[in-house]
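**Student:** Submitted below is the structure of interest, expressed as structure tokens.
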Amino acid sequence: MLIIKFIQSLFKALNSDGTPGQVGMGLALGLVFGLTPLMSLHNLVFLAIAMLTTVSFPGVMLGWAIAVPFGFMLDPLFDRVGMALLTTDALAPMWTWIVSTPVLSLAHLNNTIVLGSLVTWAVLFVPAYFLFRYLVARYRKDIYARLEKTHAFRVIKTSKLWSVYEMFRP
Amino acid sequence: MRSDDSREQATESAKEAAKRPAKWPAVTGYVRWKALLPLSVTLLVIVTLFVLFADSLLRRGVETSGTHIVGARVDLREADLDLSDGSISMRGLAVTNPGAPMTNLFEAEELQLDMRMLPLLESKIILDTVRVLGLRFNTPREESGAIEDASETSEGVRNIVADWKSQVHVPPLALSTLTQAVNVDAISADSLATLQAARHARAYVDTAKAKLAADLEALDPRPTLDSAQALVERLRNASLRTLGIGGVRDAARDLRRTIAALDSLDDRLRAFETEMQANAGGMTQRLAAIPAARERDYAYAQSLLNLPTLDVPSLGPQLFSDLIADRVGELLYWVQMAEEYLPPGIRRQLHPGPQRQRASGTDVLFAKPGARVLPDFLMQLAELSLAIGGEGAAAGDYEARIVGATTQPAVYGSPTTFMVSRSGGTGPTGIRVGGMLDHRTTPVRDSVQARVAGLALPSLPLAGLGAMVTLGDGSTELRLTREGDNIDGRWLWRAPGVTWSRDSSAVSTATGTMRLVEDAVWRAVSRLDSIEIEATFSGAVTKPSLGIRTNIANAVAGALREQLGDEVRRAEAQVRARVDELVSERVAEARSAGAGVKAEAEQRVAAERARLEEQRAALEAKLRELVRIPGIGGG
């Protein structure tokens with residue numbers, strides 16, 4: 001069911017309303033939920049942004065699904081990045097201010113994994129946006145028309161399993 | 001012009017829109033206003049759920065974190081959190097004693113806490129005041145408070161304390177062994193330190209011998225000495241007449257060169273002698289360690305045979321070591337836990353992040369001493385009141401104050417202090433407890449002084465003597481100081497009116513001698529009206545040495561000396577003889593080998609030096625004779 005859900009997210013995102021830019025932005029934004037520890041204050045903020053702005057929400061969901069395994073896999077890297085940043089003397093005043101500021105301190109940015117993953121995502125955000133926007137545009141222009149005609153695609157779209165899943169889909 | 005441009009743009013957009021497939025209609029604008037309401041509702045639901053379940057969350061939080069810290073179950077019956085003013089009310093707190101899971105370390109009927117709300121936004125818990133009512137200690141539990149998965153911290157500390165207890169354990173006094181034949185065969189040669197010391201000494205001697213032989217071989221004085229001797233022989237009858245002026249010059253040059261070679265050889269022989277002295281020193285040192293090892297073996301063999309000592313300082317540990325180790329071990333557990341949870345200075349700037357499915361990472365603490373930064377947890381003032389009921393001497397009301405308890409002393413900037421005093425009640429009893437935990441910097445400095453009078457002291461079995469002393473009401477004094485990794489403490493119990501009882505089931509009826517001994521010991525101890533037991537501990541905080549002094553030991557030692565002095569001395573002599581028998585051969589071998597190597601090397605060096613001196617004297621005499629000839633000179 002997970003795979004079907006993923007495929008469904010994929011098509012839903014790629015075929016969802018909105019321009020490639022909106023879908024690309026949704027995908028790039030969704031990466032944050034998978035790359036950084038989910039139960040974090042910053043994710044609440046990004047969730048609100050995803051819901052309140054006209055970025056593609058299915059794109060956000062797909063970005064999240066794509067990034068989850070990378071999040072687990074790259075934890076050691078995030079740990080190193082976070083540790084390097086948090087132990088840089090020049091940045092110490094900023095971290096001190098952050099961890100002592102009401103609400104902001106709840107973001108737990110003094111944790112190496114949280115900070116490292118968030119910074120990594122922030123660095124990747126712009127390139128990821130352009131990459132996703134390009135890929136979505138290419139997909140819509142070149143691939144979708146051909147894919148739509150394939151038997152497999154029609155089977156998936158019309159399968160009973162899909163319909164059943166659709167009934168229970170949140 | 002501008003209106004033309006706008007019109008043109010609108011036309012372009014319309015064309016663009018017309019080209020876009022209907023499958024992906026454009027979503028215009030930047031804000032999805034329709035989502036505002038569901039989002040607000042979701043947030044409202046979250047907040048409502050939090051408010052509804054805050055009490056339950058708080059209760060579980062206290063139980064979970066308390067259990068983690070204490071290393072045994074912490075139960076809380078109910079908790080009320082009032083978010084409007086930050087007041088928390090908790091009832092029915094029970095904290096299990098990790099060392100005795102069927103007993104509560106303490107129970108509190110009610111706790112009232114005033115918490116600052118704003119610091120919560122910095123994930124910090126600042127409690128301005130804490131009032132604890134109805135505090136009771138050592139209450140029994142209905143079910144065990146032991147936990148399977150204790151935190152690594154408490155488990156680690158408990159293991160350290162358990163190790164220490166096993167180290168300080170002294171076998172109880174065993175009178176029965178005295179009347180039995182001493183079986184010295186139980187002493188195993190392999191366990192004796194003297195043999196090991198002798199083996200080490202022998203190995204050192206063998207190594208030194210091989211090294212000296214190799215060095216002497218490398219030194220090889222014979223060619224130089226033989227060459228010198230040959231020159232002496234050649235020039236024995238030489239004169240100006242036989243050699244001529246040129247020959248005399250050559251001979252003088254040869255003599256000087258050979259004398260220089262002998263000087264060089266002399267230097268090397270001196271260096272060899274120095275090395276030999278160093279080796280001899282090492283051998284002496286190792287051989288000197290043997291008598292000390294033998295003394296240890298005597299003690300070891302004696303303990304192996306459970307021979308009772310008549311030595312007063314040794315009797316205290318034999319009577320009470322387990323009992324006192326339990327008490328002091330409990331104290332050490334909390335001293336070490338205090339260090340774990342009140343980490344000093346900046347040592348703990350890095351600590352593990354929270355447990356989650358993802359990696360925990362590391363939390364980096366950014367707080368400088370003196371800066372206006374709040375610690376993660378601070379209990380500014382806790383006031384505890386407890387009442388001891390009944391008619392006992394200790395009955396009355398007591399109050400305790402804890403000031404500045406924090407998980408980050410360096411950030412808070414002041415030491416944690418506590419005191420307990422009596423606030424009401426009758427009777428001549430008194431309680432004075434005070435202490436300070438200064439963990440602001442390393443080394444940590446802790447100090448506790450406590451004096452409690454009118455305390456109901458327990459009944460103590462006297463290990464190995466078949467007697468029990470009921471201490472009744474008495475007093476206890478504790479003084480403990482810790483600086484860094486070193487601890488120093490004294491714990492004294494005084495009981496002025498004790499009662500004795502004899503455990504008739506433990507009284508031996510095996511032999512008449514045994515009964516005489518037991519009766520004598522019983523008569524000696526039962527005459528004691530007052531008891532004093534003093535435990536002293538000092539050294540490394542993880543394994544301090546433990547000393548126990550008690551006036552019971554004096555009485556027991558006196559009685560034993562009277563009854564068993566000769567027998568104990570005879571048994572000790574047997575043990576010493578057996579140890580000597582097992583080790584003497586090896587020790588003699590080691591000593592003999594050491595002496596042999598030294599003598600041999602000294603003899604060899606002396607012989608070479610004598611030959612060298614002889615050759616040099618002959619060469620110098622001949623040289624003096626030749627340089628007197630005109631034209632040869634002193635050069």
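Going by the structure tokens order, chains are called A, B, ..., each with residues numbered from 1, while ligands are numbered from 1 in the order shown.
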Quick one: which chain A residues come within 9 Å of chain B, and what is the nearest atom pair for each with the distance in Å to one decimal, counting only C-alpha atoms, rows ordered by chain and ascending number, as a Markdown table?
**Tutor:**
| residue | atom | partner | partner_atom | distance |
| --- | --- | --- | --- | --- |
| A:Asn15 | CA | B:Trp24 | CA | 6.7 |
| A:Ser16 | CA | B:Trp24 | CA | 6.4 |
| A:Asp17 | CA | B:Trp24 | CA | 4.8 |
| A:Gly18 | CA | B:Ala26 | CA | 4.7 |
| A:Thr19 | CA | B:Ala26 | CA | 5.9 |
| A:Gln22 | CA | B:Val27 | CA | 8.4 |
| A:Pro37 | CA | B:Arg358 | CA | 6.8 |
| A:Ala48 | CA | B:Leu39 | CA | 7.4 |
| A:Met51 | CA | B:Ala35 | CA | 6.1 |
| A:Leu52 | CA | B:Arg32 | CA | 4.8 |
| A:Thr53 | CA | B:Val31 | CA | 4.3 |
| A:Thr54 | CA | B:Tyr30 | CA | 5.2 |
| A:Val55 | CA | B:Tyr30 | CA | 7.9 |
| A:Gly71 | CA | B:Arg358 | CA | 8.2 |
| A:Phe72 | CA | B:Arg358 | CA | 6.2 |
| A:Asp75 | CA | B:Ala359 | CA | 6.3 |
| A:Pro76 | CA | B:Ala359 | CA | 8.0 |
| A:Phe78 | CA | B:Gly361 | CA | 8.7 |
| A:Asp79 | CA | B:Gly361 | CA | 5.9 |
| A:Gly82 | CA | B:Gly361 | CA | 8.8 |
| A:Met83 | CA | B:Thr362 | CA | 7.8 |
| A:Leu86 | CA | B:Val364 | CA | 7.0 |
| A:Thr87 | CA | B:Val364 | CA | 8.2 |
| A:Ala92 | CA | B:Phe366 | CA | 7.3 |
| A:Pro93 | CA | B:Phe366 | CA | 8.4 |
| A:Trp95 | CA | B:Phe366 | CA | 6.7 |
| A:Thr96 | CA | B:Phe366 | CA | 4.9 |
| A:Trp97 | CA | B:Phe366 | CA | 8.5 |
| A:Val99 | CA | B:Phe366 | CA | 7.0 |
| A:Ser100 | CA | B:Glu122 | CA | 6.4 |
| A:Thr101 | CA | B:Glu122 | CA | 6.4 |
| A:Pro102 | CA | B:Glu122 | CA | 4.6 |
| A:Val103 | CA | B:Leu121 | CA | 4.7 |
| A:Leu104 | CA | B:Glu122 | CA | 7.2 |
| A:Ser105 | CA | B:Glu122 | CA | 4.9 |
| A:Leu106 | CA | B:Glu122 | CA | 5.7 |
| A:His108 | CA | B:Asp363 | CA | 8.4 |
| A:Leu109 | CA | B:Asp363 | CA | 8.6 |
| A:Asn110 | CA | B:Val364 | CA | 5.4 |
| A:Asn111 | CA | B:Asp363 | CA | 4.3 |
| A:Thr112 | CA | B:Thr362 | CA | 5.4 |
| A:Ile113 | CA | B:Gly361 | CA | 5.2 |
| A:Val114 | CA | B:Gly361 | CA | 8.2 |
**Student:** If you count only C-alpha atoms, which residues fall within 8 Å of region 318-327 of chain B, apart from same-chain ones fewer than 2 positions away, as a ChimeraX atom specification?
**Tutor:** /B:165,168-173,314-316,329-331,462-464,535,548,553
**Student:** Can you list, as a list of chain:residue names, every protein, DNA or RNA residue that comes within 12 Å of Arg253 (chain B) when you count only C-alpha atoms, leaving out same-chain residues fewer than 2 positions away?
**Tutor:**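 Contacts, in chain order: B:Leu231, B:Gly246, B:Gly247, B:Val248, B:Arg249, B:Asp250, B:Ala251, B:Leu255, B:Arg256, B:Arg257, B:Thr258, B:Ile259, B:Ala260, B:Leu619, B:Glu620, B:Lys622, B:Leu623, B:Leu626, B:Val627, B:Ile632, B:Gly633, B:Gly634, B:Gly635.
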**Student:** Using DSSP on the backbone coordinates, identify all residues within region 402-470 of chain B classified as strand (DSSP E); present the result as an MDAnalysis selection string.
**Tutor:** chainID B and resid 402:406 416:424 431:438 445:462 467:470
**Student:** Take the residues from that selection and put them in a file with C-alpha atoms, as an mmCIF file, in the first residue's frame.
**Tutor:**
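Written file, part-v4.cif:
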data_model
loop_
_atom_site.group_PDB
_atom_site.id
_atom_site.type_symbol
_atom_site.label_atom_id
_atom_site.label_comp_id
_atom_site.auth_asym_id
_atom_site.auth_seq_id
_atom_site.Cartn_x
_atom_site.Cartn_y
_atom_site.Cartn_z
ATOM 1 C CA ILE B 402 16.593 23.539 49.319
ATOM 2 C CA VAL B 403 17.869 26.609 47.554
ATOM 3 C CA GLY B 404 19.093 26.821 43.989
ATOM 4 C CA ALA B 405 18.755 23.243 42.794
ATOM 5 C CA THR B 406 19.565 23.290 39.120
ATOM 6 C CA THR B 416 22.863 24.462 45.797
ATOM 7 C CA THR B 417 22.314 24.568 49.540
ATOM 8 C CA PHE B 418 19.992 22.635 51.782
ATOM 9 C CA MET B 419 19.165 22.449 55.436
ATOM 10 C CA VAL B 420 16.773 20.567 57.667
ATOM 11 C CA SER B 421 15.680 21.706 61.086
ATOM 12 C CA ARG B 422 13.088 20.889 63.684
ATOM 13 C CA SER B 423 10.199 23.285 63.757
ATOM 14 C CA GLY B 424 8.040 21.850 66.507
ATOM 15 C CA ILE B 431 18.172 17.622 64.169
ATOM 16 C CA ARG B 432 20.658 19.690 62.281
ATOM 17 C CA VAL B 433 21.341 18.903 58.666
ATOM 18 C CA GLY B 434 22.996 21.214 56.210
ATOM 19 C CA GLY B 435 24.956 20.956 53.075
ATOM 20 C CA MET B 436 26.167 22.551 49.936
ATOM 21 C CA LEU B 437 26.742 21.256 46.456
ATOM 22 C CA ASP B 438 29.041 23.599 44.596
ATOM 23 C CA ARG B 445 32.907 20.679 46.063
ATOM 24 C CA ASP B 446 30.224 19.007 48.113
ATOM 25 C CA SER B 447 29.813 19.079 51.820
ATOM 26 C CA VAL B 448 27.196 17.634 54.121
ATOM 27 C CA GLN B 449 26.977 17.846 57.879
ATOM 28 C CA ALA B 450 24.183 16.115 59.707
ATOM 29 C CA ARG B 451 23.467 15.476 63.327
ATOM 30 C CA VAL B 452 20.260 13.786 64.302
ATOM 31 C CA ALA B 453 19.494 12.934 67.893
ATOM 32 C CA GLY B 454 16.621 10.890 69.212
ATOM 33 C CA LEU B 455 16.703 8.726 66.180
ATOM 34 C CA ALA B 456 15.366 5.200 66.361
ATOM 35 C CA LEU B 457 18.397 3.142 65.477
ATOM 36 C CA PRO B 458 18.033 -0.369 64.109
ATOM 37 C CA SER B 459 18.859 -3.712 65.622
ATOM 38 C CA LEU B 460 22.137 -5.112 64.410
ATOM 39 C CA PRO B 461 23.164 -8.711 64.183
ATOM 40 C CA LEU B 462 26.813 -9.215 65.153
ATOM 41 C CA ALA B 467 24.290 -12.048 69.148
ATOM 42 C CA MET B 468 21.980 -9.201 68.310
ATOM 43 C CA VAL B 469 22.111 -5.711 69.719
ATOM 44 C CA THR B 470 19.045 -3.487 69.748
#
**Student:** With DSSP run on the backbone, what are the alpha helix (DSSP H) residues within region 151-323 of chain B? I'd like them as an NGL selection string.
**Tutor:** :B and (152-168 or 193-219 or 222-234 or 240-304 or 312-323)
**Student:** Have a look at A:Ser56, A:Thr150, A:Thr120, A:Thr88 and name the one nearest to Pro20 (chain A); count only C-alpha atoms.
**Tutor:**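 So, comparing all the options, the nearest one is A:Ser56.
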**Student:** Identify which of the residues A:Gly26, A:Leu44, A:Arg80, A:Leu85 lies closest to Trp64 (chain A), counting only C-alpha atoms when measuring atom-to-atom distances.
**Tutor:**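 Under the stated criterion, the closest residue is A:Gly26.
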